[in-house]
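Shown next: data_20.cif, containing mmCIF, N, CA and C atoms.
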```cif
data_start
loop_
_atom_site.label_atom_id
_atom_site.label_comp_id
_atom_site.auth_asym_id
_atom_site.auth_seq_id
_atom_site.Cartn_x
_atom_site.Cartn_y
_atom_site.Cartn_z
N MET A 16 10.82 10.14 -8.16
CA MET A 16 9.75 10.11 -7.16
C MET A 16 8.90 8.86 -7.39
N ARG A 17 8.59 8.16 -6.32
CA ARG A 17 7.78 6.95 -6.41
C ARG A 17 6.34 7.30 -6.79
N GLN A 18 5.67 6.34 -7.42
CA GLN A 18 4.29 6.56 -7.87
C GLN A 18 3.36 6.86 -6.72
N ASP A 19 3.52 6.17 -5.59
CA ASP A 19 2.64 6.42 -4.46
C ASP A 19 2.86 7.82 -3.89
N ALA A 20 4.08 8.33 -3.95
CA ALA A 20 4.35 9.70 -3.49
C ALA A 20 3.68 10.72 -4.41
N ILE A 21 3.67 10.43 -5.69
CA ILE A 21 3.00 11.33 -6.64
C ILE A 21 1.50 11.33 -6.38
N VAL A 22 0.93 10.16 -6.17
CA VAL A 22 -0.51 10.07 -5.89
C VAL A 22 -0.84 10.80 -4.60
N ARG A 23 -0.01 10.63 -3.58
CA ARG A 23 -0.24 11.32 -2.30
C ARG A 23 -0.21 12.85 -2.51
N LEU A 24 0.76 13.31 -3.28
CA LEU A 24 0.87 14.73 -3.58
C LEU A 24 -0.38 15.24 -4.31
N LEU A 25 -0.83 14.50 -5.30
CA LEU A 25 -2.03 14.90 -6.05
C LEU A 25 -3.26 14.94 -5.15
N LEU A 26 -3.39 13.97 -4.28
CA LEU A 26 -4.56 13.92 -3.39
C LEU A 26 -4.51 15.00 -2.32
N ASP A 27 -3.34 15.17 -1.70
CA ASP A 27 -3.24 16.06 -0.54
C ASP A 27 -3.01 17.53 -0.90
N GLU A 28 -2.18 17.77 -1.89
CA GLU A 28 -1.81 19.15 -2.21
C GLU A 28 -2.65 19.76 -3.33
N TYR A 29 -3.09 18.94 -4.27
CA TYR A 29 -3.80 19.46 -5.43
C TYR A 29 -5.28 19.10 -5.41
N ASN A 30 -5.72 18.43 -4.36
CA ASN A 30 -7.12 18.08 -4.18
C ASN A 30 -7.74 17.39 -5.40
N VAL A 31 -6.98 16.51 -6.02
CA VAL A 31 -7.49 15.74 -7.13
C VAL A 31 -8.57 14.80 -6.60
N GLU A 32 -9.66 14.66 -7.34
CA GLU A 32 -10.76 13.80 -6.91
C GLU A 32 -10.30 12.34 -6.95
N ALA A 33 -10.24 11.72 -5.80
CA ALA A 33 -9.71 10.36 -5.68
C ALA A 33 -10.63 9.31 -6.29
N ASP A 34 -11.89 9.64 -6.45
CA ASP A 34 -12.86 8.67 -6.95
C ASP A 34 -13.41 9.07 -8.32
N SER A 35 -12.58 9.77 -9.11
CA SER A 35 -13.02 10.19 -10.44
C SER A 35 -13.18 8.98 -11.35
N ARG A 36 -13.83 9.17 -12.46
CA ARG A 36 -14.06 8.08 -13.42
C ARG A 36 -13.61 8.50 -14.81
N ASP A 37 -13.14 7.53 -15.59
CA ASP A 37 -12.80 7.81 -16.98
C ASP A 37 -13.99 7.45 -17.87
N LYS A 38 -13.80 7.49 -19.18
CA LYS A 38 -14.91 7.24 -20.12
C LYS A 38 -15.46 5.82 -20.00
N ASP A 39 -14.67 4.89 -19.47
CA ASP A 39 -15.12 3.51 -19.28
C ASP A 39 -15.69 3.26 -17.89
N GLY A 40 -15.78 4.33 -17.09
CA GLY A 40 -16.32 4.20 -15.75
C GLY A 40 -15.33 3.67 -14.74
N ARG A 41 -14.05 3.61 -15.12
CA ARG A 41 -13.04 3.08 -14.22
C ARG A 41 -12.46 4.19 -13.34
N SER A 42 -12.16 3.81 -12.11
CA SER A 42 -11.61 4.73 -11.12
C SER A 42 -10.11 4.52 -10.99
N PRO A 43 -9.41 5.48 -10.37
CA PRO A 43 -7.99 5.26 -10.09
C PRO A 43 -7.75 3.99 -9.28
N LEU A 44 -8.68 3.68 -8.37
CA LEU A 44 -8.55 2.47 -7.56
C LEU A 44 -8.57 1.22 -8.43
N SER A 45 -9.43 1.18 -9.43
CA SER A 45 -9.49 -0.02 -10.27
C SER A 45 -8.20 -0.21 -11.06
N TYR A 46 -7.62 0.89 -11.53
CA TYR A 46 -6.35 0.78 -12.27
C TYR A 46 -5.21 0.36 -11.34
N ALA A 47 -5.16 0.95 -10.15
CA ALA A 47 -4.10 0.59 -9.20
C ALA A 47 -4.24 -0.86 -8.77
N ALA A 48 -5.48 -1.31 -8.56
CA ALA A 48 -5.72 -2.70 -8.16
C ALA A 48 -5.32 -3.65 -9.28
N GLU A 49 -5.66 -3.32 -10.51
CA GLU A 49 -5.34 -4.17 -11.66
C GLU A 49 -3.84 -4.36 -11.81
N CYS A 50 -3.09 -3.29 -11.53
CA CYS A 50 -1.64 -3.34 -11.75
C CYS A 50 -0.86 -3.76 -10.51
N GLY A 51 -1.56 -4.06 -9.42
CA GLY A 51 -0.87 -4.55 -8.22
C GLY A 51 -0.11 -3.48 -7.46
N HIS A 52 -0.52 -2.22 -7.58
CA HIS A 52 0.16 -1.13 -6.87
C HIS A 52 -0.40 -1.03 -5.45
N ASP A 53 0.13 -1.87 -4.57
CA ASP A 53 -0.43 -1.97 -3.22
C ASP A 53 -0.34 -0.65 -2.45
N ALA A 54 0.73 0.09 -2.59
CA ALA A 54 0.87 1.35 -1.84
C ALA A 54 -0.18 2.37 -2.29
N ILE A 55 -0.46 2.41 -3.58
CA ILE A 55 -1.47 3.34 -4.09
C ILE A 55 -2.86 2.87 -3.68
N VAL A 56 -3.11 1.57 -3.75
CA VAL A 56 -4.41 1.05 -3.31
C VAL A 56 -4.62 1.39 -1.85
N ARG A 57 -3.58 1.24 -1.03
CA ARG A 57 -3.70 1.57 0.41
C ARG A 57 -4.07 3.04 0.59
N LEU A 58 -3.41 3.92 -0.17
CA LEU A 58 -3.75 5.35 -0.08
C LEU A 58 -5.21 5.60 -0.43
N LEU A 59 -5.68 4.95 -1.49
CA LEU A 59 -7.03 5.20 -1.96
C LEU A 59 -8.10 4.57 -1.06
N VAL A 60 -7.88 3.36 -0.58
CA VAL A 60 -8.90 2.74 0.28
C VAL A 60 -8.97 3.41 1.65
N ASP A 61 -7.93 4.14 2.02
CA ASP A 61 -7.97 4.88 3.28
C ASP A 61 -8.78 6.16 3.17
N LYS A 62 -9.13 6.56 1.96
CA LYS A 62 -9.95 7.76 1.75
C LYS A 62 -11.43 7.39 1.89
N SER A 63 -12.14 8.12 2.73
CA SER A 63 -13.55 7.80 2.95
C SER A 63 -14.42 8.12 1.74
N ASN A 64 -13.94 8.99 0.86
CA ASN A 64 -14.75 9.36 -0.30
C ASN A 64 -14.49 8.47 -1.51
N VAL A 65 -13.72 7.40 -1.34
CA VAL A 65 -13.47 6.46 -2.43
C VAL A 65 -14.39 5.27 -2.27
N GLU A 66 -15.17 5.01 -3.33
CA GLU A 66 -16.06 3.86 -3.33
C GLU A 66 -15.25 2.63 -3.74
N ALA A 67 -14.92 1.82 -2.77
CA ALA A 67 -14.02 0.69 -3.02
C ALA A 67 -14.67 -0.42 -3.82
N ASP A 68 -15.98 -0.44 -3.90
CA ASP A 68 -16.67 -1.49 -4.64
C ASP A 68 -17.36 -0.93 -5.89
N SER A 69 -16.83 0.17 -6.40
CA SER A 69 -17.43 0.79 -7.59
C SER A 69 -17.34 -0.15 -8.78
N LYS A 70 -18.32 -0.06 -9.65
CA LYS A 70 -18.34 -0.88 -10.86
C LYS A 70 -18.09 0.01 -12.07
N ASP A 71 -17.31 -0.50 -13.01
CA ASP A 71 -17.10 0.26 -14.25
C ASP A 71 -18.27 -0.01 -15.20
N ASN A 72 -18.19 0.50 -16.41
CA ASN A 72 -19.29 0.36 -17.36
C ASN A 72 -19.58 -1.09 -17.75
N SER A 73 -18.60 -1.97 -17.56
CA SER A 73 -18.83 -3.38 -17.88
C SER A 73 -19.17 -4.20 -16.64
N GLY A 74 -19.31 -3.53 -15.48
CA GLY A 74 -19.72 -4.20 -14.26
C GLY A 74 -18.59 -4.77 -13.42
N ARG A 75 -17.35 -4.45 -13.76
CA ARG A 75 -16.21 -4.97 -12.99
C ARG A 75 -15.83 -4.03 -11.86
N SER A 76 -15.44 -4.61 -10.74
CA SER A 76 -15.02 -3.85 -9.56
C SER A 76 -13.50 -3.88 -9.44
N PRO A 77 -12.93 -3.00 -8.60
CA PRO A 77 -11.49 -3.08 -8.36
C PRO A 77 -11.04 -4.45 -7.87
N LEU A 78 -11.86 -5.09 -7.04
CA LEU A 78 -11.52 -6.43 -6.55
C LEU A 78 -11.45 -7.43 -7.70
N SER A 79 -12.37 -7.34 -8.63
CA SER A 79 -12.33 -8.29 -9.74
C SER A 79 -11.09 -8.07 -10.60
N PHE A 80 -10.69 -6.81 -10.77
CA PHE A 80 -9.45 -6.54 -11.52
C PHE A 80 -8.24 -7.07 -10.77
N ALA A 81 -8.21 -6.86 -9.45
CA ALA A 81 -7.06 -7.31 -8.65
C ALA A 81 -6.96 -8.83 -8.62
N ALA A 82 -8.09 -9.48 -8.49
CA ALA A 82 -8.08 -10.93 -8.30
C ALA A 82 -7.97 -11.71 -9.60
N GLY A 83 -8.37 -11.12 -10.70
CA GLY A 83 -8.46 -11.95 -11.87
C GLY A 83 -7.91 -11.42 -13.17
N HIS A 84 -7.06 -10.44 -13.11
CA HIS A 84 -6.59 -9.91 -14.38
C HIS A 84 -5.15 -10.32 -14.64
N ARG A 85 -4.46 -9.59 -15.46
CA ARG A 85 -3.18 -10.02 -16.04
C ARG A 85 -2.10 -10.38 -15.02
N ILE A 86 -2.05 -9.73 -13.89
CA ILE A 86 -0.98 -10.04 -12.94
C ILE A 86 -1.20 -11.44 -12.35
N CYS A 87 -2.41 -11.70 -11.88
CA CYS A 87 -2.68 -13.02 -11.31
C CYS A 87 -2.62 -14.10 -12.37
N ASN A 88 -2.88 -13.75 -13.61
CA ASN A 88 -2.85 -14.76 -14.66
C ASN A 88 -1.45 -15.02 -15.18
N ASN A 89 -0.45 -14.32 -14.68
CA ASN A 89 0.93 -14.54 -15.09
C ASN A 89 1.77 -14.73 -13.83
N PRO A 90 1.78 -15.93 -13.26
CA PRO A 90 2.45 -16.15 -11.98
C PRO A 90 3.97 -16.01 -12.03
N LEU A 91 4.55 -15.94 -13.21
CA LEU A 91 6.00 -15.86 -13.29
C LEU A 91 6.52 -14.43 -13.41
N ASP A 92 5.63 -13.43 -13.34
CA ASP A 92 6.10 -12.06 -13.51
C ASP A 92 6.59 -11.42 -12.23
N GLY A 93 6.51 -12.11 -11.10
CA GLY A 93 7.10 -11.63 -9.86
C GLY A 93 6.27 -10.63 -9.08
N ARG A 94 5.01 -10.41 -9.46
CA ARG A 94 4.21 -9.41 -8.76
C ARG A 94 3.04 -10.02 -8.01
N ASN A 95 2.95 -11.33 -7.92
CA ASN A 95 1.80 -11.96 -7.29
C ASN A 95 1.66 -11.60 -5.82
N ASP A 96 2.77 -11.48 -5.10
CA ASP A 96 2.69 -11.14 -3.69
C ASP A 96 2.02 -9.79 -3.50
N ARG A 97 2.40 -8.82 -4.31
CA ARG A 97 1.79 -7.50 -4.21
C ARG A 97 0.32 -7.55 -4.58
N ASN A 98 -0.04 -8.39 -5.54
CA ASN A 98 -1.44 -8.49 -5.91
C ASN A 98 -2.25 -9.12 -4.80
N GLU A 99 -1.68 -10.07 -4.08
CA GLU A 99 -2.37 -10.65 -2.93
C GLU A 99 -2.61 -9.58 -1.87
N ILE A 100 -1.66 -8.69 -1.67
CA ILE A 100 -1.84 -7.59 -0.72
C ILE A 100 -2.99 -6.70 -1.16
N VAL A 101 -3.05 -6.40 -2.44
CA VAL A 101 -4.13 -5.56 -2.98
C VAL A 101 -5.48 -6.22 -2.74
N VAL A 102 -5.58 -7.51 -3.04
CA VAL A 102 -6.83 -8.24 -2.81
C VAL A 102 -7.20 -8.15 -1.34
N GLN A 103 -6.25 -8.36 -0.45
CA GLN A 103 -6.52 -8.30 0.98
C GLN A 103 -6.99 -6.91 1.42
N LEU A 104 -6.32 -5.87 0.91
CA LEU A 104 -6.73 -4.50 1.25
C LEU A 104 -8.17 -4.22 0.84
N LEU A 105 -8.54 -4.72 -0.32
CA LEU A 105 -9.89 -4.49 -0.81
C LEU A 105 -10.94 -5.27 -0.04
N ILE A 106 -10.67 -6.54 0.26
CA ILE A 106 -11.70 -7.33 0.96
C ILE A 106 -11.83 -6.93 2.43
N GLU A 107 -10.86 -6.19 2.95
CA GLU A 107 -10.97 -5.69 4.32
C GLU A 107 -11.94 -4.53 4.44
N ARG A 108 -12.24 -3.87 3.32
CA ARG A 108 -13.21 -2.77 3.36
C ARG A 108 -14.62 -3.33 3.49
N GLU A 109 -15.39 -2.77 4.42
CA GLU A 109 -16.74 -3.26 4.67
C GLU A 109 -17.66 -3.06 3.48
N ASP A 110 -17.37 -2.09 2.63
CA ASP A 110 -18.26 -1.79 1.52
C ASP A 110 -17.95 -2.60 0.26
N VAL A 111 -17.03 -3.55 0.34
CA VAL A 111 -16.68 -4.38 -0.82
C VAL A 111 -17.46 -5.68 -0.75
N GLU A 112 -18.30 -5.88 -1.77
CA GLU A 112 -19.10 -7.09 -1.86
C GLU A 112 -18.28 -8.18 -2.55
N GLN A 113 -18.27 -9.33 -1.94
CA GLN A 113 -17.58 -10.48 -2.54
C GLN A 113 -18.63 -11.43 -3.09
N THR A 114 -18.71 -11.51 -4.39
CA THR A 114 -19.63 -12.46 -5.02
C THR A 114 -19.00 -13.84 -4.99
N GLN A 115 -19.78 -14.84 -5.29
CA GLN A 115 -19.25 -16.21 -5.34
C GLN A 115 -18.14 -16.32 -6.37
N GLU A 116 -18.34 -15.66 -7.53
CA GLU A 116 -17.33 -15.70 -8.59
C GLU A 116 -16.03 -15.03 -8.13
N THR A 117 -16.14 -13.88 -7.46
CA THR A 117 -14.96 -13.17 -6.99
C THR A 117 -14.23 -13.99 -5.93
N LYS A 118 -14.97 -14.64 -5.04
CA LYS A 118 -14.33 -15.47 -4.02
C LYS A 118 -13.53 -16.60 -4.67
N MET A 119 -14.08 -17.19 -5.72
CA MET A 119 -13.38 -18.26 -6.40
C MET A 119 -12.10 -17.74 -7.06
N VAL A 120 -12.17 -16.57 -7.68
CA VAL A 120 -11.01 -15.98 -8.33
C VAL A 120 -9.95 -15.59 -7.30
N VAL A 121 -10.38 -15.07 -6.16
CA VAL A 121 -9.45 -14.71 -5.09
C VAL A 121 -8.71 -15.95 -4.60
N ARG A 122 -9.43 -17.06 -4.40
CA ARG A 122 -8.77 -18.30 -3.98
C ARG A 122 -7.76 -18.75 -5.04
N HIS A 123 -8.14 -18.64 -6.30
CA HIS A 123 -7.23 -19.01 -7.40
C HIS A 123 -5.98 -18.13 -7.38
N CYS A 124 -6.16 -16.85 -7.15
CA CYS A 124 -5.04 -15.90 -7.12
C CYS A 124 -4.09 -16.24 -5.98
N HIS A 125 -4.62 -16.62 -4.83
CA HIS A 125 -3.77 -16.97 -3.70
C HIS A 125 -2.98 -18.25 -3.94
N MET A 126 -3.47 -19.11 -4.82
CA MET A 126 -2.76 -20.36 -5.10
C MET A 126 -1.64 -20.16 -6.11
N LEU A 127 -1.65 -19.09 -6.88
CA LEU A 127 -0.70 -18.93 -7.98
C LEU A 127 0.77 -18.91 -7.58
N PRO A 128 1.17 -18.31 -6.47
CA PRO A 128 2.60 -18.37 -6.15
C PRO A 128 3.09 -19.82 -6.03
N HIS A 129 2.25 -20.71 -5.51
CA HIS A 129 2.63 -22.12 -5.41
C HIS A 129 2.72 -22.76 -6.79
N VAL A 130 1.81 -22.36 -7.69
CA VAL A 130 1.83 -22.86 -9.06
C VAL A 130 3.11 -22.40 -9.75
N ALA A 131 3.48 -21.13 -9.53
CA ALA A 131 4.69 -20.59 -10.15
C ALA A 131 5.93 -21.35 -9.68
N THR A 132 5.98 -21.65 -8.39
CA THR A 132 7.11 -22.40 -7.85
C THR A 132 7.17 -23.79 -8.47
N MET A 133 6.01 -24.42 -8.60
CA MET A 133 5.95 -25.74 -9.19
C MET A 133 6.37 -25.70 -10.66
N GLN A 134 5.87 -24.68 -11.41
CA GLN A 134 6.23 -24.55 -12.82
C GLN A 134 7.73 -24.34 -12.98
N CYS A 135 8.30 -23.52 -12.12
CA CYS A 135 9.73 -23.24 -12.18
C CYS A 135 10.54 -24.50 -11.86
N THR A 136 10.07 -25.26 -10.87
CA THR A 136 10.76 -26.49 -10.49
C THR A 136 10.74 -27.49 -11.65
N ILE A 137 9.59 -27.61 -12.31
CA ILE A 137 9.47 -28.53 -13.45
C ILE A 137 10.37 -28.06 -14.59
N ALA A 138 10.35 -26.74 -14.88
CA ALA A 138 11.13 -26.20 -16.00
C ALA A 138 12.64 -26.29 -15.73
N CYS A 139 13.03 -26.12 -14.49
CA CYS A 139 14.45 -26.10 -14.16
C CYS A 139 15.01 -27.49 -13.85
N GLY A 140 14.13 -28.44 -13.80
CA GLY A 140 14.59 -29.82 -13.55
C GLY A 140 14.77 -30.03 -12.12
#
```
Translate this structure into structure tokens?
Amino acid sequence: MRQDAIVRLLLDEYNVEADSRDKDGRSPLSYAAECGHDAIVRLLVDKSNVEADSKDNSGRSPLSFAAGHRICNNPLDGRNDRNEIVVQLLIEREDVEQTQETKMVVRHCHMLPHVATMQCTIACG
């Protein structure tokens, strides 16, 4: 069973709280955004009870995780396209604040597929 199907089942059939928080103040949306799970992010941002711009205990939002964490920082892992989708899904929500820093990171993230192609071209001769 796909991860998004499991999340849908938990949300729809078992009434799991979609906007719950862990000990670090992180929500399921922040974890899904960080890992580039676009289908799960889509499920969560479509829920009206999910705060798409929630901040964890260190002040990071799902958008900051999507735009600037390990997936975007590793352009050769093959998941950048999905991370761009996640960033787009998040910035389309009216309740997501884009700070100057986040905008800069989002622009950087969108440039990475081109950087990966260039790095591969240089490495492969």
message: Around the point (-17.8, -8.0, -7.4) (coordinates from the file), which residues reach within 6 Å if we count all atoms listed in the file? Answer as a PyMOL selection string.
response: chain A and resi 76+79+112-114+117
With N, CA and C atoms kept, could you save the residues just selected as a PDB file, in the coordinates of the input?
```pdb
ATOM      1  N   SER A  76     -15.440  -4.610 -10.740  1.00  0.00           N
ATOM      2  CA  SER A  76     -15.020  -3.850  -9.560  1.00  0.00           C
ATOM      3  C   SER A  76     -13.500  -3.880  -9.440  1.00  0.00           C
ATOM      4  N   SER A  79     -12.370  -7.340  -8.630  1.00  0.00           N
ATOM      5  CA  SER A  79     -12.330  -8.290  -9.740  1.00  0.00           C
ATOM      6  C   SER A  79     -11.090  -8.070 -10.600  1.00  0.00           C
ATOM      7  N   GLU A 112     -18.300  -5.880  -1.770  1.00  0.00           N
ATOM      8  CA  GLU A 112     -19.100  -7.090  -1.860  1.00  0.00           C
ATOM      9  C   GLU A 112     -18.280  -8.180  -2.550  1.00  0.00           C
ATOM     10  N   GLN A 113     -18.270  -9.330  -1.940  1.00  0.00           N
ATOM     11  CA  GLN A 113     -17.580 -10.480  -2.540  1.00  0.00           C
ATOM     12  C   GLN A 113     -18.630 -11.430  -3.090  1.00  0.00           C
ATOM     13  N   THR A 114     -18.710 -11.510  -4.390  1.00  0.00           N
ATOM     14  CA  THR A 114     -19.630 -12.460  -5.020  1.00  0.00           C
ATOM     15  C   THR A 114     -19.000 -13.840  -4.990  1.00  0.00           C
ATOM     16  N   THR A 117     -16.140 -13.880  -7.460  1.00  0.00           N
ATOM     17  CA  THR A 117     -14.960 -13.170  -6.990  1.00  0.00           C
ATOM     18  C   THR A 117     -14.230 -13.990  -5.930  1.00  0.00           C
TER      19      THR A 117
END
```
message: Given the point (-8.9, -2.1, -8.9) in the file's coordinates, find the residues that have an atom at most 8 Å from it, counting only N, CA and C atoms, and give them as a VMD selection string.
response: chain A and resid 42 to 51 56 67 75 to 82
Expected file contents, prior selection, N, CA and C atoms, as a PDB file, keeping the file's coordinate frame:
```pdb
ATOM      1  N   SER A  42     -12.160   3.810 -12.110  1.00  0.00           N
ATOM      2  CA  SER A  42     -11.610   4.730 -11.120  1.00  0.00           C
ATOM      3  C   SER A  42     -10.110   4.520 -10.990  1.00  0.00           C
ATOM      4  N   PRO A  43      -9.410   5.480 -10.370  1.00  0.00           N
ATOM      5  CA  PRO A  43      -7.990   5.260 -10.090  1.00  0.00           C
ATOM      6  C   PRO A  43      -7.750   3.990  -9.280  1.00  0.00           C
ATOM      7  N   LEU A  44      -8.680   3.680  -8.370  1.00  0.00           N
ATOM      8  CA  LEU A  44      -8.550   2.470  -7.560  1.00  0.00           C
ATOM      9  C   LEU A  44      -8.570   1.220  -8.430  1.00  0.00           C
ATOM     10  N   SER A  45      -9.430   1.180  -9.430  1.00  0.00           N
ATOM     11  CA  SER A  45      -9.490  -0.020 -10.270  1.00  0.00           C
ATOM     12  C   SER A  45      -8.200  -0.210 -11.060  1.00  0.00           C
ATOM     13  N   TYR A  46      -7.620   0.890 -11.530  1.00  0.00           N
ATOM     14  CA  TYR A  46      -6.350   0.780 -12.270  1.00  0.00           C
ATOM     15  C   TYR A  46      -5.210   0.360 -11.340  1.00  0.00           C
ATOM     16  N   ALA A  47      -5.160   0.950 -10.150  1.00  0.00           N
ATOM     17  CA  ALA A  47      -4.100   0.590  -9.200  1.00  0.00           C
ATOM     18  C   ALA A  47      -4.240  -0.860  -8.770  1.00  0.00           C
ATOM     19  N   ALA A  48      -5.480  -1.310  -8.560  1.00  0.00           N
ATOM     20  CA  ALA A  48      -5.720  -2.700  -8.160  1.00  0.00           C
ATOM     21  C   ALA A  48      -5.320  -3.650  -9.280  1.00  0.00           C
ATOM     22  N   GLU A  49      -5.660  -3.320 -10.510  1.00  0.00           N
ATOM     23  CA  GLU A  49      -5.340  -4.170 -11.660  1.00  0.00           C
ATOM     24  C   GLU A  49      -3.840  -4.360 -11.810  1.00  0.00           C
ATOM     25  N   CYS A  50      -3.090  -3.290 -11.530  1.00  0.00           N
ATOM     26  CA  CYS A  50      -1.640  -3.340 -11.750  1.00  0.00           C
ATOM     27  C   CYS A  50      -0.860  -3.760 -10.510  1.00  0.00           C
ATOM     28  N   GLY A  51      -1.560  -4.060  -9.420  1.00  0.00           N
ATOM     29  CA  GLY A  51      -0.870  -4.550  -8.220  1.00  0.00           C
ATOM     30  C   GLY A  51      -0.110  -3.480  -7.460  1.00  0.00           C
ATOM     31  N   VAL A  56      -3.110   1.570  -3.750  1.00  0.00           N
ATOM     32  CA  VAL A  56      -4.410   1.050  -3.310  1.00  0.00           C
ATOM     33  C   VAL A  56      -4.620   1.390  -1.850  1.00  0.00           C
ATOM     34  N   ALA A  67     -14.920   1.820  -2.770  1.00  0.00           N
ATOM     35  CA  ALA A  67     -14.020   0.690  -3.020  1.00  0.00           C
ATOM     36  C   ALA A  67     -14.670  -0.420  -3.820  1.00  0.00           C
ATOM     37  N   ARG A  75     -17.350  -4.450 -13.760  1.00  0.00           N
ATOM     38  CA  ARG A  75     -16.210  -4.970 -12.990  1.00  0.00           C
ATOM     39  C   ARG A  75     -15.830  -4.030 -11.860  1.00  0.00           C
ATOM     40  N   SER A  76     -15.440  -4.610 -10.740  1.00  0.00           N
ATOM     41  CA  SER A  76     -15.020  -3.850  -9.560  1.00  0.00           C
ATOM     42  C   SER A  76     -13.500  -3.880  -9.440  1.00  0.00           C
ATOM     43  N   PRO A  77     -12.930  -3.000  -8.600  1.00  0.00           N
ATOM     44  CA  PRO A  77     -11.490  -3.080  -8.360  1.00  0.00           C
ATOM     45  C   PRO A  77     -11.040  -4.450  -7.870  1.00  0.00           C
ATOM     46  N   LEU A  78     -11.860  -5.090  -7.040  1.00  0.00           N
ATOM     47  CA  LEU A  78     -11.520  -6.430  -6.550  1.00  0.00           C
ATOM     48  C   LEU A  78     -11.450  -7.430  -7.700  1.00  0.00           C
ATOM     49  N   SER A  79     -12.370  -7.340  -8.630  1.00  0.00           N
ATOM     50  CA  SER A  79     -12.330  -8.290  -9.740  1.00  0.00           C
ATOM     51  C   SER A  79     -11.090  -8.070 -10.600  1.00  0.00           C
ATOM     52  N   PHE A  80     -10.690  -6.810 -10.770  1.00  0.00           N
ATOM     53  CA  PHE A  80      -9.450  -6.540 -11.520  1.00  0.00           C
ATOM     54  C   PHE A  80      -8.240  -7.070 -10.770  1.00  0.00           C
ATOM     55  N   ALA A  81      -8.210  -6.860  -9.450  1.00  0.00           N
ATOM     56  CA  ALA A  81      -7.060  -7.310  -8.650  1.00  0.00           C
ATOM     57  C   ALA A  81      -6.960  -8.830  -8.620  1.00  0.00           C
ATOM     58  N   ALA A  82      -8.090  -9.480  -8.490  1.00  0.00           N
ATOM     59  CA  ALA A  82      -8.080 -10.930  -8.300  1.00  0.00           C
ATOM     60  C   ALA A  82      -7.970 -11.710  -9.600  1.00  0.00           C
TER      61      ALA A  82
END
```
Ground truth for the PyMOL selection byres (((chain A and resi 65 and name CA) around 10) and name CA), written as a list in words: Glu32, Ala33, Asp34, Ser35, Ser42, Pro43, Leu44, Leu59, Val60, Asp61, Lys62, Ser63, Asn64, Glu66, Ala67, Asp68 and Ser69 of chain A
Please dump the current selection as a CSV table (one decimal), keeping the file's coordinate frame; keep N, CA and C atoms.
```csv
chain,number,residue,atom,x,y,z
A,32,GLU,N,-9.7,14.7,-7.3
A,32,GLU,CA,-10.8,13.8,-6.9
A,32,GLU,C,-10.3,12.3,-7.0
A,33,ALA,N,-10.2,11.7,-5.8
A,33,ALA,CA,-9.7,10.4,-5.7
A,33,ALA,C,-10.6,9.3,-6.3
A,34,ASP,N,-11.9,9.6,-6.4
A,34,ASP,CA,-12.9,8.7,-7.0
A,34,ASP,C,-13.4,9.1,-8.3
A,35,SER,N,-12.6,9.8,-9.1
A,35,SER,CA,-13.0,10.2,-10.4
A,35,SER,C,-13.2,9.0,-11.4
A,42,SER,N,-12.2,3.8,-12.1
A,42,SER,CA,-11.6,4.7,-11.1
A,42,SER,C,-10.1,4.5,-11.0
A,43,PRO,N,-9.4,5.5,-10.4
A,43,PRO,CA,-8.0,5.3,-10.1
A,43,PRO,C,-7.8,4.0,-9.3
A,44,LEU,N,-8.7,3.7,-8.4
A,44,LEU,CA,-8.6,2.5,-7.6
A,44,LEU,C,-8.6,1.2,-8.4
A,59,LEU,N,-5.7,5.0,-1.5
A,59,LEU,CA,-7.0,5.2,-2.0
A,59,LEU,C,-8.1,4.6,-1.1
A,60,VAL,N,-7.9,3.4,-0.6
A,60,VAL,CA,-8.9,2.7,0.3
A,60,VAL,C,-9.0,3.4,1.6
A,61,ASP,N,-7.9,4.1,2.0
A,61,ASP,CA,-8.0,4.9,3.3
A,61,ASP,C,-8.8,6.2,3.2
A,62,LYS,N,-9.1,6.6,2.0
A,62,LYS,CA,-10.0,7.8,1.8
A,62,LYS,C,-11.4,7.4,1.9
A,63,SER,N,-12.1,8.1,2.7
A,63,SER,CA,-13.6,7.8,3.0
A,63,SER,C,-14.4,8.1,1.7
A,64,ASN,N,-13.9,9.0,0.9
A,64,ASN,CA,-14.8,9.4,-0.3
A,64,ASN,C,-14.5,8.5,-1.5
A,66,GLU,N,-15.2,5.0,-3.3
A,66,GLU,CA,-16.1,3.9,-3.3
A,66,GLU,C,-15.2,2.6,-3.7
A,67,ALA,N,-14.9,1.8,-2.8
A,67,ALA,CA,-14.0,0.7,-3.0
A,67,ALA,C,-14.7,-0.4,-3.8
A,68,ASP,N,-16.0,-0.4,-3.9
A,68,ASP,CA,-16.7,-1.5,-4.6
A,68,ASP,C,-17.4,-0.9,-5.9
A,69,SER,N,-16.8,0.2,-6.4
A,69,SER,CA,-17.4,0.8,-7.6
A,69,SER,C,-17.3,-0.2,-8.8
```
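Picture a line from atom C of Asp19 (chain A) to CA of Asn72 (chain A); it runs 27.0 Å.
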Quick one: axis-aligned box around all listed atoms of region 42-57 of chain A, 8 Å on every side, centre and edge lengths in Å to one decimal, written as lines of an AutoDock Vina configuration file.
```
center_x = -5.6
center_y = 0.5
center_z = -5.8
size_x = 29.0
size_y = 26.0
size_z = 28.9
```
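Of note, CA of Glu99 (chain A) and CA of Ile55 (chain A) are spaced 14.1 Å apart.
Restricting the calculation to only N, CA and C atoms, the smallest distance between Gln18 (chain A) and any of A:Asn30, A:Ala54, A:Glu107, A:Arg41 is found for A:Ala54.
The interatomic distance for the pair atom N of Glu28 (chain A) and atom C of Gly40 (chain A) works out to 23.2 Å.
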